[in-house]
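S.K.: After the structure tokens below, expect a handful of questions from me.
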Amino acid sequence: RITVLGSINTDLVATTPRLPAPGETILGHTFSTGSGGKGANQAIAAARAGAEVRFLGAVGDDAFALDLREALVEAEVDATLLREVAGPSGVAIITVDDAGENSIIVVAGANATVVELTDPERDAIAGAAVLLCQLELPLTAITAAARHARAHGTTVVLNPSPAVPLPDELLDCVDVLVVNETESAQLGATTLDRMPHVVTTLGARGARWRGPDGATHHCGAPTVDVVDTTGAGDAFAGALVACWDLGPHEALRHACAAGALTAARPGAGSSPTREEIDAMLGS
Ligand code: ADP
């Protein structure tokens with residue numbers, strides 16, 4: 001069983017001929033909404049990759065909350081501990097112009113209220129095999145969760161995104177750090193060297209693992225026709241934790257397939273099922 005503690009947002013996406021200038025109103029082409037937030041995306045990806053997943057986080061009391069909860073439930077993610085708090089749900093307001101340039105406003109909303117953990121949330125962490133977190137919730141909650149997990153033998157997987165300087169209190173509790181090349185450079189060798197396991201995603205070049213005894217392994221990404229790499233990192237992280245019990249080599253192989261399959265599809269919300277991953281791997 002996997003417990004994900006993280007963000008959940010509604011993506012509000014407008015496509016426009018060009019990005020509006022300050023004070024300007026322009027007509028857009030299309031509008032769509034979808035569920036997002038790294039926490040929810042990775043929880044859904046892990047569930048679709050075959051894991052039993054529980055999500056911990058918060059939505060608001062607005063009209064978006066219902067759809068956000070539904071997106072988790074539809075993917076068979078256990079959302080029974082999802083908090084509903086007064087105020088707005090998290091949103092990402094995204095504008096994409098004809099040239100593919102974007103501008104994005106993220107408002108944390110309900111996500112920012114997850115500062116301390118409740119007793120049922122602590123139990124869900126202690127009872128899980130793996131805790132997966134990102135950094136779109138307050139660091140206090142992430143640190144408390146990682147410490148609680150460590151104390152109960154739950155494996156802690158951290159995707160430090162968006163990258164911020166990490167307190168020692170948190171770093172000391174991480175078993176597996178999952179970073180892309182940008183995050184890897186931002187965190188630096190000193191931080192990475194402290195981690196028992198580091199998994200680095202390398203885009204079209206796949207991913208690399210470095211284990212506790214210095215062992216390394218590289219897994220190439222399957223070749224696909226890339227449509228949209230948005231969400232590939234989240235699909236990778238979800239599949240990695242879902243398959244972590246197969247060992248790092250197999251987990252990386254499945255995660256690379258999940259990332260590649262997502263890059264071959266439009267949009268962010270289409271992480272592959274375990275059957276699709278296995279079909280790509282020919283197993
Ligand atoms: P992020 O999107 O977080 O920056 P990456 O770009 O490293 O992360 O992509 C995450 C994973 O998605 C990669 O490890 C790989 O498995 C897969 N992936 C991304 N881009 C491609 C691509 N062009 N072809 C095949 N797989 C890809």
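Letters for chains follow the order of the structure tokens (A, B, ...), residue numbers begin at 1 for each chain, and ligand numbers begin at 1 in the order shown.
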Hey, what's within 9 Å of Asp225 in chain A if we count only C-alpha atoms and toss same-chain stuff fewer than 6 positions away? As a PyMOL selection string, please?
M.R.: chain A and resi 260+263-265
S.K.: Please give me, as a PyMOL selection string, the residues lying within 10 Å of ligand 1 when counting only C-alpha atoms and all ligand atoms.
M.R.: chain A and resi 159+161+178-183+199-208+219-237+252-264
S.K.: Using only C-alpha atoms, determine which residues lie at most 8 Å from Pro17 in chain A, disregarding the query and same-chain residues fewer than 5 positions distant; provide the list as a list of chain:residue names.
M.R.: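 Surrounding residues, per the criterion: A:Gly28, A:His29, A:Asp97, A:Asp98.
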S.K.: Name the residues of range 127-161 of chain A that fall into strand (DSSP E) according to DSSP on the backbone, using the chain letters and numbers of this document, as an NGL selection string.
M.R.: :A and (130-133 or 155-158)
S.K.: Could those selected residues go to a file with N, CA and C atoms, as an mmCIF file, in the first residue's frame?
M.R.:
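The resulting file, result.cif, is reproduced below:
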```cif
data_model
loop_
_atom_site.group_PDB
_atom_site.id
_atom_site.type_symbol
_atom_site.label_atom_id
_atom_site.label_comp_id
_atom_site.auth_asym_id
_atom_site.auth_seq_id
_atom_site.Cartn_x
_atom_site.Cartn_y
_atom_site.Cartn_z
ATOM 1 N N VAL A 130 5.028 2.485 1.489
ATOM 2 C CA VAL A 130 5.754 3.612 0.908
ATOM 3 C C VAL A 130 4.973 4.906 1.127
ATOM 4 N N LEU A 131 5.690 5.976 1.501
ATOM 5 C CA LEU A 131 5.124 7.331 1.528
ATOM 6 C C LEU A 131 5.751 8.101 0.380
ATOM 7 N N LEU A 132 4.927 8.705 -0.469
ATOM 8 C CA LEU A 132 5.422 9.514 -1.592
ATOM 9 C C LEU A 132 4.992 10.965 -1.393
ATOM 10 N N CYS A 133 5.951 11.894 -1.418
ATOM 11 C CA CYS A 133 5.662 13.328 -1.254
ATOM 12 C C CYS A 133 6.369 14.148 -2.331
ATOM 13 N N THR A 155 8.915 3.276 3.821
ATOM 14 C CA THR A 155 9.905 3.830 2.892
ATOM 15 C C THR A 155 9.471 5.217 2.430
ATOM 16 N N VAL A 156 10.359 6.208 2.528
ATOM 17 C CA VAL A 156 10.024 7.585 2.156
ATOM 18 C C VAL A 156 10.604 7.912 0.785
ATOM 19 N N VAL A 157 9.732 8.218 -0.172
ATOM 20 C CA VAL A 157 10.147 8.634 -1.511
ATOM 21 C C VAL A 157 9.784 10.106 -1.666
ATOM 22 N N LEU A 158 10.779 10.936 -1.979
ATOM 23 C CA LEU A 158 10.536 12.377 -2.131
ATOM 24 C C LEU A 158 10.887 12.822 -3.544
#
```
S.K.: For Pro120 in chain A, which residue out of A:Met280, A:Ala185, A:Leu81, A:Ala71 is the nearest one, using only C-alpha atoms?
M.R.: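 Checking each of A:Met280, A:Ala185, A:Leu81, A:Ala71 against Pro120 in chain A, counting only C-alpha atoms, the winner is A:Leu81.
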S.K.: Please return as a list in words: the residues of range 116-174 of chain A that backbone DSSP assigns to alpha helix (DSSP H).
M.R.: Asp119, Pro120, Glu121, Arg122, Asp123, Ala124, Ile125, Ala126, Leu139, Thr140, Ala141, Ile142, Thr143, Ala144, Ala145, Ala146, Arg147, His148, Ala149, Arg150, Ala151, Asp168, Glu169, Leu170 and Leu171 of chain A
S.K.: Give me a file of those residues, with N, CA and C atoms, as a PDB file, in the first residue's frame.
M.R.:
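Writing done, so here's again.pdb:
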```pdb
ATOM      1  N   ASP A 119      -4.438  12.620  13.270  1.00  0.00           N
ATOM      2  CA  ASP A 119      -4.134  11.250  13.711  1.00  0.00           C
ATOM      3  C   ASP A 119      -4.442  10.206  12.632  1.00  0.00           C
ATOM      4  N   PRO A 120      -5.609  10.280  11.968  1.00  0.00           N
ATOM      5  CA  PRO A 120      -5.858   9.297  10.898  1.00  0.00           C
ATOM      6  C   PRO A 120      -4.813   9.378   9.772  1.00  0.00           C
ATOM      7  N   GLU A 121      -4.343  10.592   9.472  1.00  0.00           N
ATOM      8  CA  GLU A 121      -3.306  10.744   8.436  1.00  0.00           C
ATOM      9  C   GLU A 121      -1.999  10.093   8.896  1.00  0.00           C
ATOM     10  N   ARG A 122      -1.666  10.279  10.148  1.00  0.00           N
ATOM     11  CA  ARG A 122      -0.448   9.659  10.682  1.00  0.00           C
ATOM     12  C   ARG A 122      -0.552   8.134  10.624  1.00  0.00           C
ATOM     13  N   ASP A 123      -1.735   7.615  10.936  1.00  0.00           N
ATOM     14  CA  ASP A 123      -1.945   6.165  10.867  1.00  0.00           C
ATOM     15  C   ASP A 123      -1.806   5.661   9.424  1.00  0.00           C
ATOM     16  N   ALA A 124      -2.315   6.441   8.469  1.00  0.00           N
ATOM     17  CA  ALA A 124      -2.236   6.038   7.051  1.00  0.00           C
ATOM     18  C   ALA A 124      -0.786   6.017   6.570  1.00  0.00           C
ATOM     19  N   ILE A 125       0.048   6.834   7.173  1.00  0.00           N
ATOM     20  CA  ILE A 125       1.475   6.860   6.825  1.00  0.00           C
ATOM     21  C   ILE A 125       2.191   5.682   7.489  1.00  0.00           C
ATOM     22  N   ALA A 126       1.902   5.476   8.769  1.00  0.00           N
ATOM     23  CA  ALA A 126       2.565   4.389   9.517  1.00  0.00           C
ATOM     24  C   ALA A 126       2.210   3.020   8.934  1.00  0.00           C
ATOM     25  N   LEU A 139       6.168  22.737   3.935  1.00  0.00           N
ATOM     26  CA  LEU A 139       7.295  21.867   4.320  1.00  0.00           C
ATOM     27  C   LEU A 139       7.109  21.250   5.704  1.00  0.00           C
ATOM     28  N   THR A 140       6.391  21.954   6.588  1.00  0.00           N
ATOM     29  CA  THR A 140       6.160  21.426   7.940  1.00  0.00           C
ATOM     30  C   THR A 140       5.422  20.094   7.872  1.00  0.00           C
ATOM     31  N   ALA A 141       4.405  20.014   7.007  1.00  0.00           N
ATOM     32  CA  ALA A 141       3.609  18.786   6.890  1.00  0.00           C
ATOM     33  C   ALA A 141       4.441  17.667   6.259  1.00  0.00           C
ATOM     34  N   ILE A 142       5.219  18.003   5.220  1.00  0.00           N
ATOM     35  CA  ILE A 142       6.048  17.008   4.546  1.00  0.00           C
ATOM     36  C   ILE A 142       7.085  16.440   5.518  1.00  0.00           C
ATOM     37  N   THR A 143       7.715  17.340   6.278  1.00  0.00           N
ATOM     38  CA  THR A 143       8.740  16.919   7.231  1.00  0.00           C
ATOM     39  C   THR A 143       8.131  16.039   8.329  1.00  0.00           C
ATOM     40  N   ALA A 144       6.978  16.439   8.858  1.00  0.00           N
ATOM     41  CA  ALA A 144       6.313  15.645   9.901  1.00  0.00           C
ATOM     42  C   ALA A 144       5.948  14.260   9.358  1.00  0.00           C
ATOM     43  N   ALA A 145       5.476  14.217   8.114  1.00  0.00           N
ATOM     44  CA  ALA A 145       5.081  12.944   7.507  1.00  0.00           C
ATOM     45  C   ALA A 145       6.296  12.041   7.312  1.00  0.00           C
ATOM     46  N   ALA A 146       7.388  12.611   6.821  1.00  0.00           N
ATOM     47  CA  ALA A 146       8.603  11.819   6.567  1.00  0.00           C
ATOM     48  C   ALA A 146       9.165  11.272   7.876  1.00  0.00           C
ATOM     49  N   ARG A 147       9.146  12.089   8.914  1.00  0.00           N
ATOM     50  CA  ARG A 147       9.651  11.634  10.220  1.00  0.00           C
ATOM     51  C   ARG A 147       8.796  10.511  10.784  1.00  0.00           C
ATOM     52  N   HIS A 148       7.481  10.658  10.630  1.00  0.00           N
ATOM     53  CA  HIS A 148       6.559   9.635  11.134  1.00  0.00           C
ATOM     54  C   HIS A 148       6.750   8.333  10.354  1.00  0.00           C
ATOM     55  N   ALA A 149       6.922   8.473   9.042  1.00  0.00           N
ATOM     56  CA  ALA A 149       7.143   7.295   8.192  1.00  0.00           C
ATOM     57  C   ALA A 149       8.422   6.573   8.617  1.00  0.00           C
ATOM     58  N   ARG A 150       9.493   7.327   8.764  1.00  0.00           N
ATOM     59  CA  ARG A 150      10.780   6.758   9.142  1.00  0.00           C
ATOM     60  C   ARG A 150      10.665   5.992  10.469  1.00  0.00           C
ATOM     61  N   ALA A 151       9.943   6.585  11.420  1.00  0.00           N
ATOM     62  CA  ALA A 151       9.788   5.968  12.745  1.00  0.00           C
ATOM     63  C   ALA A 151       9.007   4.654  12.677  1.00  0.00           C
ATOM     64  N   ASP A 168      17.576  19.641   7.061  1.00  0.00           N
ATOM     65  CA  ASP A 168      18.214  18.367   7.412  1.00  0.00           C
ATOM     66  C   ASP A 168      17.216  17.388   8.017  1.00  0.00           C
ATOM     67  N   GLU A 169      16.295  17.946   8.797  1.00  0.00           N
ATOM     68  CA  GLU A 169      15.268  17.141   9.456  1.00  0.00           C
ATOM     69  C   GLU A 169      14.497  16.292   8.450  1.00  0.00           C
ATOM     70  N   LEU A 170      14.264  16.867   7.262  1.00  0.00           N
ATOM     71  CA  LEU A 170      13.554  16.138   6.209  1.00  0.00           C
ATOM     72  C   LEU A 170      14.524  15.200   5.483  1.00  0.00           C
ATOM     73  N   LEU A 171      15.686  15.726   5.082  1.00  0.00           N
ATOM     74  CA  LEU A 171      16.654  14.934   4.314  1.00  0.00           C
ATOM     75  C   LEU A 171      17.051  13.653   5.045  1.00  0.00           C
TER      76      LEU A 171
END
```
S.K.: Residues within 7 Å of range 53-57 of chain A, please, as a PDB file with N, CA and C atoms, in the first residue's frame. Count only C-alpha atoms; anything in the same chain fewer than 4 positions from it doesn't count.
M.R.:
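Final file, result-v4.pdb:
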```
ATOM      1  N   ARG A   1       0.818  -1.200   0.000  1.00  0.00           N
ATOM      2  CA  ARG A   1       0.000   0.000   0.000  1.00  0.00           C
ATOM      3  C   ARG A   1       0.863   1.267   0.000  1.00  0.00           C
ATOM      4  N   ILE A   2       0.459   2.245  -0.823  1.00  0.00           N
ATOM      5  CA  ILE A   2       1.209   3.491  -0.949  1.00  0.00           C
ATOM      6  C   ILE A   2       0.366   4.645  -0.436  1.00  0.00           C
ATOM      7  N   THR A   3       0.958   5.518   0.364  1.00  0.00           N
ATOM      8  CA  THR A   3       0.266   6.737   0.773  1.00  0.00           C
ATOM      9  C   THR A   3       0.969   7.916   0.124  1.00  0.00           C
ATOM     10  N   VAL A   4       0.184   8.751  -0.555  1.00  0.00           N
ATOM     11  CA  VAL A   4       0.720   9.970  -1.166  1.00  0.00           C
ATOM     12  C   VAL A   4       0.215  11.155  -0.367  1.00  0.00           C
ATOM     13  N   LEU A   5       1.127  12.003   0.099  1.00  0.00           N
ATOM     14  CA  LEU A   5       0.753  13.266   0.749  1.00  0.00           C
ATOM     15  C   LEU A   5       1.167  14.367  -0.208  1.00  0.00           C
ATOM     16  N   GLY A   6       0.187  15.111  -0.730  1.00  0.00           N
ATOM     17  CA  GLY A   6       0.578  16.124  -1.707  1.00  0.00           C
ATOM     18  C   GLY A   6      -0.544  17.040  -2.135  1.00  0.00           C
ATOM     19  N   SER A   7      -0.248  17.793  -3.199  1.00  0.00           N
ATOM     20  CA  SER A   7      -1.147  18.842  -3.678  1.00  0.00           C
ATOM     21  C   SER A   7      -2.202  18.288  -4.623  1.00  0.00           C
ATOM     22  N   ALA A  43      -0.353  10.266  -7.436  1.00  0.00           N
ATOM     23  CA  ALA A  43      -1.208   9.259  -6.800  1.00  0.00           C
ATOM     24  C   ALA A  43      -2.002   8.497  -7.861  1.00  0.00           C
ATOM     25  N   ALA A  47      -1.714   4.500  -8.921  1.00  0.00           N
ATOM     26  CA  ALA A  47      -2.880   3.607  -8.910  1.00  0.00           C
ATOM     27  C   ALA A  47      -3.070   2.961 -10.276  1.00  0.00           C
ATOM     28  N   VAL A  77      -8.161   5.683  -6.416  1.00  0.00           N
ATOM     29  CA  VAL A  77      -7.331   6.164  -5.306  1.00  0.00           C
ATOM     30  C   VAL A  77      -8.262   6.361  -4.103  1.00  0.00           C
ATOM     31  N   ASP A  78      -7.842   5.861  -2.937  1.00  0.00           N
ATOM     32  CA  ASP A  78      -8.635   6.019  -1.720  1.00  0.00           C
ATOM     33  C   ASP A  78      -8.564   7.486  -1.278  1.00  0.00           C
ATOM     34  N   ALA A  79      -9.716   8.175  -1.336  1.00  0.00           N
ATOM     35  CA  ALA A  79      -9.755   9.604  -0.993  1.00  0.00           C
ATOM     36  C   ALA A  79     -10.543   9.831   0.295  1.00  0.00           C
ATOM     37  N   LEU A  81      -9.642  10.104   3.283  1.00  0.00           N
ATOM     38  CA  LEU A  81      -9.045  11.040   4.237  1.00  0.00           C
ATOM     39  C   LEU A  81      -8.788  12.417   3.608  1.00  0.00           C
ATOM     40  N   LEU A  82      -9.252  12.614   2.369  1.00  0.00           N
ATOM     41  CA  LEU A  82      -9.077  13.930   1.734  1.00  0.00           C
ATOM     42  C   LEU A  82      -9.829  14.974   2.558  1.00  0.00           C
ATOM     43  N   ARG A  83      -9.116  16.030   2.968  1.00  0.00           N
ATOM     44  CA  ARG A  83      -9.764  17.064   3.782  1.00  0.00           C
ATOM     45  C   ARG A  83     -10.580  18.002   2.904  1.00  0.00           C
ATOM     46  N   ASN A 111      -4.517  23.671  -0.370  1.00  0.00           N
ATOM     47  CA  ASN A 111      -3.240  22.958  -0.167  1.00  0.00           C
ATOM     48  C   ASN A 111      -2.416  23.607   0.952  1.00  0.00           C
ATOM     49  N   VAL A 114      -2.646  22.512   4.781  1.00  0.00           N
ATOM     50  CA  VAL A 114      -2.107  21.249   5.313  1.00  0.00           C
ATOM     51  C   VAL A 114      -0.752  21.531   5.962  1.00  0.00           C
ATOM     52  N   GLU A 121      -4.343  10.592   9.472  1.00  0.00           N
ATOM     53  CA  GLU A 121      -3.306  10.744   8.436  1.00  0.00           C
ATOM     54  C   GLU A 121      -1.999  10.093   8.896  1.00  0.00           C
TER      55      GLU A 121
END
```
S.K.: Between A:Asp11, A:Asp245, A:Glu24, A:Asp278, which residue has the minimum interatomic distance to Ala92 in chain A, considering only C-alpha atoms?
M.R.: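 Ranked by minimum distance to Ala92 in chain A, first place goes to A:Asp11.
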S.K.: Between CA of Leu281 in chain A and CA of Ala251 in chain A, what distance in Å does the model show, to one decimal?
M.R.: 12.0 Å
S.K.: How far is it from CA of Val73 in chain A to CA of Ile8 in chain A, in Å with one decimal?
M.R.: 13.2 Å
